[in-house]
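run.txt (compact mmCIF, C-alpha atoms and all ligand atoms)
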```txt
# COMPACT_ATOMS: atom_id res chain seq x y z
CA MET A 1 -24.97 18.62 -15.99
CA ALA A 2 -25.56 17.14 -19.39
CA THR A 3 -25.39 14.28 -21.81
CA ILE A 4 -22.82 14.41 -24.61
CA GLU A 5 -23.79 12.81 -27.90
CA MET A 6 -21.16 12.32 -30.57
CA LYS A 7 -22.89 11.44 -33.83
CA ASN A 8 -20.82 10.11 -36.73
CA ILE A 9 -17.99 12.47 -35.92
CA VAL A 10 -15.30 12.78 -38.60
CA LYS A 11 -12.17 14.91 -38.44
CA GLU A 12 -9.90 15.37 -41.41
CA TYR A 13 -7.05 17.77 -40.93
CA GLY A 14 -6.02 20.22 -43.64
CA ASP A 15 -3.66 17.69 -45.18
CA GLY A 16 -6.60 15.25 -45.55
CA PHE A 17 -5.42 13.06 -42.69
CA PRO A 18 -8.43 11.24 -41.15
CA ALA A 19 -7.71 11.68 -37.44
CA VAL A 20 -11.21 10.63 -36.33
CA ASN A 21 -13.27 8.36 -38.52
CA ASP A 22 -17.06 8.21 -38.04
CA ILE A 23 -17.20 7.88 -34.27
CA SER A 24 -20.53 7.74 -32.43
CA ILE A 25 -20.56 7.68 -28.63
CA ASP A 26 -23.33 8.71 -26.21
CA VAL A 27 -22.13 9.81 -22.79
CA ALA A 28 -24.89 9.60 -20.18
CA ASP A 29 -25.62 12.36 -17.67
CA GLY A 30 -23.14 11.94 -14.80
CA GLU A 31 -21.16 9.21 -16.56
CA PHE A 32 -17.37 8.92 -16.40
CA LEU A 33 -16.27 8.03 -19.94
CA ILE A 34 -12.67 7.27 -20.88
CA LEU A 35 -11.15 7.68 -24.35
CA VAL A 36 -8.08 5.45 -24.52
CA GLY A 37 -5.72 4.29 -27.22
CA PRO A 38 -2.11 4.49 -28.36
CA SER A 39 -0.47 7.72 -29.48
CA GLY A 40 -2.07 9.16 -32.60
CA CYS A 41 -5.37 7.26 -32.30
CA GLY A 42 -7.36 10.52 -32.28
CA LYS A 43 -8.44 10.70 -28.64
CA SER A 44 -7.23 14.28 -28.02
CA THR A 45 -8.72 15.43 -31.31
CA LEU A 46 -12.09 13.99 -30.28
CA LEU A 47 -11.92 15.70 -26.87
CA ARG A 48 -10.97 19.00 -28.49
CA MET A 49 -14.01 18.72 -30.76
CA ILE A 50 -16.26 18.30 -27.70
CA VAL A 51 -14.79 21.46 -26.14
CA GLY A 52 -14.86 23.37 -29.42
CA LEU A 53 -11.12 23.87 -29.84
CA GLU A 54 -11.19 21.94 -33.11
CA ASP A 55 -13.73 22.14 -35.97
CA ILE A 56 -15.74 19.06 -36.86
CA THR A 57 -15.39 17.94 -40.51
CA SER A 58 -18.74 16.12 -40.47
CA GLY A 59 -21.18 14.71 -37.92
CA ASP A 60 -22.93 16.33 -34.98
CA MET A 61 -21.84 17.15 -31.45
CA VAL A 62 -24.86 17.46 -29.17
CA ILE A 63 -24.45 18.60 -25.57
CA GLY A 64 -27.40 18.64 -23.20
CA GLY A 65 -29.72 18.21 -26.18
CA THR A 66 -28.32 21.20 -28.10
CA LYS A 67 -26.23 20.88 -31.25
CA VAL A 68 -23.00 22.76 -30.55
CA ASN A 69 -21.05 22.29 -33.82
CA ASP A 70 -20.94 26.03 -34.42
CA LEU A 71 -20.79 27.26 -30.81
CA ALA A 72 -17.56 28.87 -29.58
CA PRO A 73 -15.83 27.07 -26.67
CA ARG A 74 -16.91 29.73 -24.15
CA ASP A 75 -20.56 29.22 -25.08
CA ARG A 76 -20.47 25.47 -24.48
CA ASN A 77 -20.00 25.85 -20.74
CA LEU A 78 -17.64 22.91 -20.38
CA SER A 79 -14.70 22.79 -18.07
CA MET A 80 -11.40 21.46 -19.33
CA VAL A 81 -8.98 20.39 -16.61
CA PHE A 82 -5.45 20.54 -17.94
CA GLN A 83 -2.32 18.61 -17.05
CA ASN A 84 -0.86 21.53 -15.05
CA TYR A 85 -4.29 22.61 -13.71
CA ALA A 86 -3.52 26.15 -14.99
CA LEU A 87 -3.81 27.75 -11.54
CA TYR A 88 -2.73 31.36 -11.00
CA PRO A 89 0.33 31.22 -8.71
CA HIS A 90 -0.08 34.76 -7.34
CA LEU A 91 -3.73 34.27 -6.34
CA THR A 92 -4.94 32.46 -3.21
CA VAL A 93 -6.91 29.27 -3.46
CA TYR A 94 -10.04 31.33 -2.73
CA GLU A 95 -9.38 33.70 -5.64
CA ASN A 96 -8.38 30.86 -7.98
CA ILE A 97 -11.73 29.20 -7.37
CA ALA A 98 -13.53 32.54 -7.61
CA PHE A 99 -11.83 33.47 -10.89
CA PRO A 100 -14.59 32.52 -13.36
CA LEU A 101 -17.19 34.23 -11.15
CA ARG A 102 -15.14 37.44 -11.04
CA LEU A 103 -14.85 37.32 -14.85
CA ALA A 104 -18.63 37.01 -15.03
CA LYS A 105 -18.90 40.06 -12.71
CA ALA A 106 -20.74 38.17 -9.98
CA SER A 107 -21.45 40.07 -6.75
CA ASP A 108 -19.14 39.58 -3.77
CA SER A 109 -21.84 37.79 -1.83
CA GLU A 110 -22.55 35.38 -4.68
CA VAL A 111 -18.81 34.73 -5.12
CA ASP A 112 -18.41 34.06 -1.42
CA ALA A 113 -21.38 31.68 -1.24
CA LYS A 114 -20.24 29.66 -4.25
CA VAL A 115 -16.57 29.49 -3.26
CA ARG A 116 -17.50 28.37 0.28
CA GLU A 117 -19.85 25.71 -1.06
CA ALA A 118 -17.20 24.36 -3.48
CA SER A 119 -14.54 24.47 -0.82
CA LYS A 120 -16.71 22.44 1.54
CA THR A 121 -17.42 19.81 -1.11
CA LEU A 122 -13.75 19.57 -2.01
CA ASP A 123 -12.43 19.68 1.53
CA LEU A 124 -10.40 22.84 0.91
CA ASP A 125 -11.67 25.02 3.77
CA GLU A 126 -8.37 25.19 5.62
CA HIS A 127 -6.42 26.02 2.45
CA LEU A 128 -8.47 28.94 1.10
CA GLN A 129 -5.90 31.61 1.96
CA ARG A 130 -2.89 29.62 0.74
CA LYS A 131 -1.16 29.97 -2.64
CA PRO A 132 -1.16 27.06 -5.14
CA GLY A 133 2.63 26.72 -5.01
CA ASN A 134 2.41 25.54 -1.40
CA LEU A 135 -0.18 22.83 -2.05
CA SER A 136 0.22 19.14 -2.81
CA GLY A 137 -0.67 17.80 -6.26
CA GLY A 138 -3.95 16.42 -4.95
CA GLN A 139 -4.93 19.73 -3.38
CA ARG A 140 -4.10 21.59 -6.59
CA GLN A 141 -6.27 19.16 -8.51
CA ARG A 142 -9.13 19.92 -6.14
CA VAL A 143 -8.67 23.67 -6.61
CA ALA A 144 -8.84 23.21 -10.39
CA MET A 145 -12.02 21.21 -9.97
CA GLY A 146 -13.40 23.84 -7.59
CA ARG A 147 -12.98 26.44 -10.30
CA ALA A 148 -14.90 24.16 -12.62
CA ILE A 149 -17.80 23.56 -10.23
CA VAL A 150 -18.43 27.19 -9.29
CA ARG A 151 -19.25 27.99 -12.87
CA ASP A 152 -21.76 25.14 -13.03
CA ALA A 153 -19.99 23.59 -15.99
CA LYS A 154 -22.07 20.99 -17.80
CA ALA A 155 -19.18 18.56 -18.00
CA PHE A 156 -15.55 18.03 -17.03
CA LEU A 157 -13.04 17.20 -19.75
CA PHE A 158 -9.60 15.90 -18.86
CA ASP A 159 -6.68 15.49 -21.27
CA GLU A 160 -4.02 13.20 -19.78
CA PRO A 161 -4.08 15.09 -16.46
CA LEU A 162 -1.70 12.73 -14.69
CA SER A 163 0.94 12.08 -17.32
CA ASN A 164 3.58 14.35 -15.72
CA LEU A 165 3.41 12.71 -12.30
CA ASP A 166 5.47 9.90 -10.81
CA ALA A 167 3.84 6.49 -10.39
CA LYS A 168 2.91 6.86 -6.71
CA LEU A 169 1.34 10.29 -7.10
CA ARG A 170 -0.49 9.11 -10.19
CA GLY A 171 -2.11 6.37 -8.14
CA GLN A 172 -3.18 8.81 -5.42
CA MET A 173 -4.52 11.35 -7.89
CA ARG A 174 -6.43 8.67 -9.74
CA THR A 175 -8.28 7.76 -6.57
CA GLU A 176 -8.88 11.44 -5.84
CA ILE A 177 -10.38 12.10 -9.27
CA ALA A 178 -12.59 9.00 -9.04
CA ARG A 179 -13.86 10.02 -5.60
CA LEU A 180 -14.58 13.60 -6.66
CA GLN A 181 -16.32 12.63 -9.85
CA LYS A 182 -18.58 10.26 -7.95
CA LYS A 183 -19.34 12.88 -5.31
CA LEU A 184 -20.06 15.64 -7.83
CA GLY A 185 -21.84 13.39 -10.32
CA ILE A 186 -20.65 15.54 -13.23
CA THR A 187 -20.50 14.09 -16.73
CA THR A 188 -16.81 13.53 -17.42
CA VAL A 189 -14.76 12.64 -20.48
CA TYR A 190 -11.17 11.69 -19.75
CA VAL A 191 -8.39 11.06 -22.28
CA THR A 192 -5.49 8.78 -21.48
CA HIS A 193 -3.12 6.36 -23.20
CA ASP A 194 -2.76 4.40 -19.97
CA GLN A 195 -4.94 1.30 -19.82
CA THR A 196 -4.68 1.08 -16.02
CA GLU A 197 -6.11 4.59 -15.66
CA ALA A 198 -8.83 3.71 -18.16
CA MET A 199 -9.82 0.54 -16.36
CA THR A 200 -9.82 1.99 -12.85
CA LEU A 201 -11.58 5.29 -13.54
CA GLY A 202 -14.17 4.71 -16.20
CA ASP A 203 -17.82 3.72 -15.98
CA ARG A 204 -17.29 2.91 -19.64
CA VAL A 205 -14.18 2.96 -21.81
CA ALA A 206 -13.95 3.72 -25.53
CA VAL A 207 -10.89 2.08 -27.09
CA LEU A 208 -9.66 3.86 -30.22
CA LYS A 209 -7.15 2.84 -32.86
CA ARG A 210 -6.13 5.00 -35.83
CA GLY A 211 -9.24 7.15 -35.58
CA ASN A 212 -11.64 4.21 -35.33
CA LEU A 213 -13.69 3.11 -32.33
CA GLN A 214 -12.80 -0.50 -31.54
CA GLN A 215 -15.03 -1.19 -28.53
CA LEU A 216 -17.13 0.83 -26.11
CA ALA A 217 -17.85 -1.11 -22.92
CA THR A 218 -17.44 -1.32 -19.16
CA PRO A 219 -13.91 -2.12 -17.96
CA ARG A 220 -14.99 -5.64 -17.01
CA GLU A 221 -16.50 -6.35 -20.40
CA LEU A 222 -13.40 -5.03 -22.19
CA TYR A 223 -11.23 -7.29 -20.08
CA GLU A 224 -13.38 -10.40 -20.27
CA GLN A 225 -14.96 -10.02 -23.71
CA PRO A 226 -12.60 -8.07 -26.00
CA VAL A 227 -14.08 -7.94 -29.50
CA ASN A 228 -10.76 -8.14 -31.32
CA LEU A 229 -7.03 -8.80 -31.00
CA PHE A 230 -6.22 -5.11 -30.62
CA VAL A 231 -8.48 -4.58 -27.58
CA ALA A 232 -7.41 -7.93 -26.11
CA GLY A 233 -3.73 -6.96 -26.35
CA PHE A 234 -4.18 -3.36 -25.22
CA ILE A 235 -6.20 -3.99 -22.06
CA GLY A 236 -4.52 -5.93 -19.24
CA SER A 237 -1.08 -5.96 -17.66
CA PRO A 238 0.85 -8.16 -18.16
CA PRO A 239 -0.92 -8.48 -21.50
CA MET A 240 -2.93 -11.44 -22.72
CA ASN A 241 -0.81 -14.25 -24.17
CA PHE A 242 -1.30 -14.86 -27.87
CA LEU A 243 -0.52 -18.29 -29.29
CA PRO A 244 -1.00 -20.05 -32.62
CA ALA A 245 -3.87 -22.51 -32.37
CA THR A 246 -5.92 -24.98 -34.38
CA VAL A 247 -9.24 -26.47 -33.36
CA GLU A 248 -10.36 -29.95 -34.36
CA GLY A 249 -12.57 -32.64 -32.87
CA GLY A 250 -13.44 -30.54 -29.82
CA GLN A 251 -9.81 -29.95 -28.97
CA VAL A 252 -7.44 -27.03 -29.31
CA THR A 253 -3.80 -27.54 -30.26
CA LEU A 254 -1.31 -25.00 -28.92
CA PRO A 255 2.51 -25.02 -29.20
CA PHE A 256 2.81 -27.03 -25.96
CA GLY A 257 -0.06 -29.49 -26.19
CA THR A 258 -3.59 -30.43 -27.21
CA PHE A 259 -6.40 -29.72 -24.75
CA PRO A 260 -10.19 -30.17 -24.61
CA LEU A 261 -12.22 -27.10 -25.52
CA ALA A 262 -15.78 -26.22 -24.49
CA ALA A 263 -18.31 -27.39 -27.11
CA ASP A 264 -19.61 -23.92 -28.03
CA LYS A 265 -16.09 -22.56 -28.58
CA ALA A 266 -15.10 -25.63 -30.57
CA GLU A 267 -18.20 -25.36 -32.73
CA ARG A 268 -17.57 -21.73 -33.65
CA THR A 269 -13.93 -22.26 -34.58
CA ALA A 270 -13.66 -25.78 -36.01
CA GLY A 271 -12.18 -26.08 -39.52
CA LYS A 272 -11.04 -22.45 -39.62
CA GLY A 273 -7.36 -23.29 -40.02
CA LEU A 274 -4.69 -21.45 -38.09
CA LEU A 275 -6.16 -19.21 -35.38
CA MET A 276 -4.73 -16.99 -32.68
CA ALA A 277 -5.56 -18.14 -29.16
CA GLY A 278 -5.62 -15.52 -26.40
CA ILE A 279 -5.30 -16.44 -22.75
CA ARG A 280 -4.60 -14.20 -19.78
CA PRO A 281 -1.69 -14.90 -17.41
CA GLU A 282 -3.99 -15.64 -14.46
CA HIS A 283 -5.71 -18.45 -16.31
CA PHE A 284 -2.73 -20.71 -15.72
CA GLU A 285 -1.72 -22.26 -12.40
CA ASP A 286 1.02 -24.42 -10.98
CA VAL A 287 -0.68 -27.80 -10.47
CA SER A 288 1.27 -28.45 -7.26
CA VAL A 289 -0.51 -25.57 -5.48
CA ILE A 290 -4.02 -26.67 -6.51
CA ASP A 291 -5.90 -28.88 -4.03
CA ASP A 292 -5.48 -32.59 -4.67
CA GLY A 293 -7.99 -34.22 -6.90
CA SER A 294 -9.51 -31.07 -8.37
CA VAL A 295 -7.20 -30.76 -11.36
CA ASP A 296 -8.43 -31.81 -14.77
CA THR A 297 -5.26 -33.58 -15.97
CA SER A 298 -6.30 -33.36 -19.62
CA ARG A 299 -5.65 -29.62 -19.32
CA THR A 300 -2.13 -29.70 -17.91
CA PHE A 301 1.28 -29.52 -19.58
CA GLU A 302 4.95 -29.54 -18.69
CA ALA A 303 6.43 -26.04 -18.84
CA GLN A 304 10.07 -25.05 -18.77
CA ILE A 305 10.07 -21.81 -16.78
CA ASP A 306 13.15 -19.68 -17.46
CA VAL A 307 12.49 -16.68 -15.21
CA ARG A 308 10.27 -16.08 -12.19
CA GLU A 309 9.35 -12.65 -10.83
CA TRP A 310 8.10 -13.01 -7.27
CA LEU A 311 5.84 -10.11 -6.23
CA GLY A 312 4.82 -11.20 -2.75
CA ASP A 313 1.14 -11.86 -3.39
CA GLN A 314 1.70 -13.63 -6.71
CA GLN A 315 4.47 -14.32 -9.19
CA TYR A 316 4.96 -14.06 -12.91
CA ALA A 317 6.74 -16.89 -14.65
CA TYR A 318 8.06 -16.81 -18.20
CA VAL A 319 7.87 -19.85 -20.45
CA PRO A 320 9.50 -19.56 -23.88
CA TYR A 321 8.11 -21.71 -26.71
CA ASP A 322 8.87 -22.33 -30.39
CA ALA A 323 6.67 -20.97 -33.15
CA GLU A 324 6.99 -20.89 -36.91
CA ALA A 325 8.19 -17.68 -38.60
CA LYS A 326 4.67 -16.76 -39.81
CA VAL A 327 3.34 -16.74 -36.26
CA GLN A 328 6.31 -14.74 -35.03
CA ASP A 329 5.59 -12.11 -37.71
CA GLN A 330 1.94 -11.93 -36.60
CA LEU A 331 2.97 -11.42 -32.99
CA ARG A 332 5.38 -8.65 -33.96
CA GLU A 333 2.70 -6.90 -35.98
CA LEU A 334 0.25 -7.16 -33.12
CA ALA A 335 2.77 -5.72 -30.69
CA ALA A 336 3.43 -2.75 -32.98
CA GLU A 337 -0.29 -2.10 -33.48
CA SER A 338 -1.27 -2.31 -29.85
CA ASP A 339 1.66 -0.17 -28.84
CA SER A 340 2.64 -2.82 -26.33
CA GLU A 341 6.05 -4.22 -25.58
CA SER A 342 7.20 -6.73 -28.09
CA LEU A 343 5.18 -9.92 -27.79
CA ARG A 344 7.83 -12.58 -27.81
CA THR A 345 7.17 -16.26 -28.29
CA GLN A 346 6.89 -16.79 -24.59
CA LEU A 347 4.05 -17.30 -22.17
CA VAL A 348 3.68 -15.05 -19.18
CA VAL A 349 1.79 -16.89 -16.47
CA SER A 350 0.65 -15.58 -13.11
CA LEU A 351 1.11 -18.23 -10.41
CA ASP A 352 0.22 -18.47 -6.76
CA ALA A 353 2.89 -16.96 -4.49
CA SER A 354 3.48 -20.36 -2.89
CA SER A 355 4.56 -21.99 -6.16
CA THR A 356 8.25 -22.86 -5.79
CA ASP A 357 11.15 -23.59 -8.10
CA THR A 358 11.89 -27.18 -8.95
CA ASP A 359 15.52 -28.18 -9.56
CA ASP A 360 15.18 -28.14 -13.34
CA GLU A 361 12.32 -25.58 -13.34
CA ASN A 362 10.15 -28.11 -15.10
CA THR A 363 6.71 -27.29 -13.73
CA THR A 364 3.33 -28.82 -14.52
CA LEU A 365 0.89 -26.04 -15.34
CA PHE A 366 -2.90 -26.08 -15.61
CA ILE A 367 -4.42 -24.08 -18.49
CA ASP A 368 -8.05 -22.96 -18.15
CA THR A 369 -9.21 -23.36 -21.73
CA ASP A 370 -12.72 -22.24 -20.70
CA ARG A 371 -11.29 -18.73 -20.37
CA MET A 372 -9.48 -18.85 -23.70
CA HIS A 373 -10.43 -16.60 -26.62
CA LEU A 374 -9.92 -17.58 -30.26
CA PHE A 375 -9.28 -14.89 -32.83
CA ASP A 376 -9.27 -14.83 -36.62
CA PRO A 377 -5.62 -13.89 -37.26
CA ALA A 378 -6.41 -12.03 -40.50
CA SER A 379 -9.31 -9.81 -39.37
CA GLY A 380 -8.43 -9.87 -35.66
CA GLU A 381 -12.07 -10.64 -34.80
CA ASN A 382 -12.74 -12.55 -31.57
CA LEU A 383 -14.63 -15.62 -32.79
CA THR A 384 -15.58 -16.69 -29.28
CA VAL A 385 -16.86 -13.38 -27.93
CA GLY A 386 -19.80 -13.89 -25.56
CA LEU A 387 -18.88 -17.55 -24.84
P1 LIG B 401 -1.31 11.53 -28.36
O1 LIG B 401 -1.58 10.65 -27.20
O2 LIG B 401 0.05 11.27 -28.99
O3 LIG B 401 -1.62 12.97 -28.14
P2 LIG B 401 -3.85 11.21 -29.69
O4 LIG B 401 -4.49 9.87 -29.72
O5 LIG B 401 -4.38 12.20 -28.73
O6 LIG B 401 -2.30 11.03 -29.52
P3 LIG B 401 -4.38 13.16 -31.71
O7 LIG B 401 -3.53 14.22 -31.11
O8 LIG B 401 -5.84 13.28 -31.58
O9 LIG B 401 -3.93 11.73 -31.17
O10 LIG B 401 -4.00 13.01 -33.25
C1 LIG B 401 -4.65 12.09 -34.09
C2 LIG B 401 -4.01 12.13 -35.46
O11 LIG B 401 -4.24 13.38 -36.06
C3 LIG B 401 -2.50 11.93 -35.42
O12 LIG B 401 -2.12 11.03 -36.41
C4 LIG B 401 -1.95 13.31 -35.68
O13 LIG B 401 -0.75 13.24 -36.42
C5 LIG B 401 -3.03 13.98 -36.48
N1 LIG B 401 -3.07 15.42 -36.17
C6 LIG B 401 -3.27 15.98 -34.95
N2 LIG B 401 -3.27 17.34 -35.04
C7 LIG B 401 -3.06 17.63 -36.34
C8 LIG B 401 -2.95 18.86 -37.10
N3 LIG B 401 -3.09 20.04 -36.50
N4 LIG B 401 -2.75 18.77 -38.43
C9 LIG B 401 -2.65 17.55 -39.06
N5 LIG B 401 -2.74 16.36 -38.40
C10 LIG B 401 -2.94 16.39 -37.08
```
If you took the structure in this file and wrote it as structure tokens, what would it be?
Ligand code: ATP
Amino acid sequence: MATIEMKNIVKEYGDGFPAVNDISIDVADGEFLILVGPSGCGKSTLLRMIVGLEDITSGDMVIGGTKVNDLAPRDRNLSMVFQNYALYPHLTVYENIAFPLRLAKASDSEVDAKVREASKTLDLDEHLQRKPGNLSGGQRQRVAMGRAIVRDAKAFLFDEPLSNLDAKLRGQMRTEIARLQKKLGITTVYVTHDQTEAMTLGDRVAVLKRGNLQQLATPRELYEQPVNLFVAGFIGSPPMNFLPATVEGGQVTLPFGTFPLAADKAERTAGKGLLMAGIRPEHFEDVSVIDDGSVDTSRTFEAQIDVREWLGDQQYAYVPYDAEAKVQDQLRELAAESDSESLRTQLVVSLDASSTDTDDENTTLFIDTDRMHLFDPASGENLTVGL
């Protein structure tokens, strides 16, 4: 097992394209680190530089304390787990796991001891004589990991291992990978474009955009304290709502009303002109389902809900609003950059399952302005981070 230190890593391809731009990330021994971002952000390139499949233009890659810039992939002793697990269909599970040991000319007794130990850890004992084609996706994944553990790889590297699977299997495999990684305690770097995978698997998540590291943090911190508009819009489903806002006299004005704002947030943002407010769907509620007397009426507004999606344990409601052309342009730009669905001028709010339709769908909603973020619309910086 080992630490992986990426120090000011730059990758320019032959045509001068900067695919990775000065990225520094330290992965701790045993940590599960996720590289996430939209297509083309450089995450696969970065992973390939860790493994040695891609040259580094400048910067240092240090694995287990040793600089590996010039080491061939086979000398780095890392184990890459591919999308299709690359198992040999004609070999049994036993021989698939044993494969790297046979290549290294290990003795039969050593092979047997190591395969049996891996098989016990991975719960594959009863499948050792079967062929990969007859196994479930989860079992195949375990065989691929077995092959990685027998060679005492320093780290596991995954490149979008679940992207070919249907949604249900993806969920199962995600849990399986998380469980195995915890059990084995092997340093792991995992590339995905899927924010749900990133949030559920990672000890820490590195969010990349166009070759630049945007934020490196725990899933909770990314969700609750995104440093900029890109991270705020990329993490979370349904995504954070973005609204034009101005702050004055301790109050924030949004398209559907003016509400009190916490003093520290107001102080940081007062007099800054037009801002972008960000608020997550769950920070709204239908006032009629909140216990009597506990609602701060200065933070409520009348909303015209046009569609409700009832999910059983909660519901999403859509509230269109008007915004000037400039704001609409900003929202479109943000949607394109964060690779998310188009951000229309509508709120998506997550309401309690017991909230019911009114005749005219005119519902009084509570907005928790304490949980609101305020962004500089030009730089994208979160002005209220940490508050
Ligand atoms: P995806 O999820 O689509 O695979 P990614 O985030 O993994 O995207 P990379 O494959 O790392 O992105 O590519 C990063 C950038 O580098 C892209 O803009 C891509 O066009 C460019 N790139 C990748 N490989 C090469 C190459 N061999 N030559 C030139 N440019 C390349």
Requested in this report: In the coordinate frame of the file, compute which residues have an atom within 12 Å of (-16.1, 18.7, -26.7) when using all atoms listed in the file, and state them as JSON, numbers by chain.
Outcome: {"A": [3, 4, 5, 6, 9, 27, 43, 44, 45, 46, 47, 48, 49, 50, 51, 52, 53, 54, 55, 56, 60, 61, 62, 63, 64, 67, 68, 69, 70, 71, 72, 73, 74, 75, 76, 77, 78, 79, 80, 154, 155, 156, 157, 158, 159, 187, 188, 189, 190, 191]}
One decimal place gives the atom N1 of ligand LIG 401 (chain B)-CA of Gly37 in chain A separation as 14.5 Å
Just want the 6 Å neighbourhood of range 223-236 of chain A, counted on all atoms listed in the file, with same-chain residues fewer than 5 positions away dropped. Output as a ChimeraX atom specification.
/A:195,338,380-382,385
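Counting all atoms listed in the file, the residue from A:Ala198, A:Val36, A:Leu387, A:Val289 that sits nearest to ligand LIG 401 (chain B) is A:Val36.
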(request) List all protein, DNA and RNA residues that have any atom at most 7 Å from ligand LIG 401 (chain B), counting all atoms listed in the file, and write the list as a list in words. (result) Tyr13, Gly14, Asp15, Phe17, Pro18, Ala19, Gly37, Pro38, Ser39, Gly40, Cys41, Gly42, Lys43, Ser44, Thr45, Leu46, His193 and Gly211 of chain A
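The closest residue to Asp329 in chain A, picked from A:Gln314, A:Thr345, A:Ser350, A:Thr92 and counting all atoms listed in the file, is A:Thr345.
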Min atom-atom distance to Gly312 in chain A from the set A:Leu331, A:Thr363, A:Ser354, A:Gly273, counting only C-alpha atoms, belongs to A:Ser354
| said: Quick one: residues within 9 Å of Ala262 in chain A, all atoms listed in the file, excluding same-chain residues fewer than 2 positions away - as a PyMOL selection string? | reply: chain A and resi 250-251+260+264-267+369-370
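For the set A:Asp313, A:Glu31, A:Asp357, A:Asp368, the residue with the smallest atom-to-atom gap to Ala178 in chain A is A:Glu31, counting only C-alpha atoms.
In this structure, CA of Val247 in chain A sits 8.1 Å away from CA of Leu275 in chain A.
Nearest residue to Ala270 in chain A among A:Thr384, A:Met173, A:Leu216, A:Thr297 is A:Thr384, counting all atoms listed in the file.
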Quiz item: Leaving out range 136-149 of chain A and any residue of its chain fewer than 5 positions from it, which residues lie within 9 Å of it when counting only C-alpha atoms, given as a VMD selection string?
Solution: chain A and resid 78 to 82 84 to 87 93 to 94 96 to 101 114 to 115 118 to 119 121 to 124 127 155 to 156 165 169 172 to 173 176 to 177 180 184
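Nearest to Leu351 in chain A of all the residues A:Gln315, A:Phe375, A:Thr364, A:Pro320 is A:Gln315, based on only C-alpha atoms.
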Note to self: Just want the 7 Å neighbourhood of Phe366 in chain A, counted on all atoms listed in the file, with same-chain residues fewer than 5 positions away dropped. Output as a count of residues only.
What the structure shows: 7
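CA of Leu274 in chain A sits 7.7 Å away from CA of Pro377 in chain A.
Within 6 Å of the file-frame point (-8.4, -21.2, -28.6), and using only C-alpha atoms, the polymer residues found are Val252, Ala277, Met372, His373 and Leu374 of chain A.
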What are the centre and edge lengths in Å, to one decimal, of the axis-aligned box around all listed atoms of range 66-82 of chain A with 4 Å added on each side, as JSON?
```
{"center_x": -16.9, "center_y": 25.1, "center_z": -25.5, "size_x": 30.9, "size_y": 17.3, "size_z": 25.8}
```
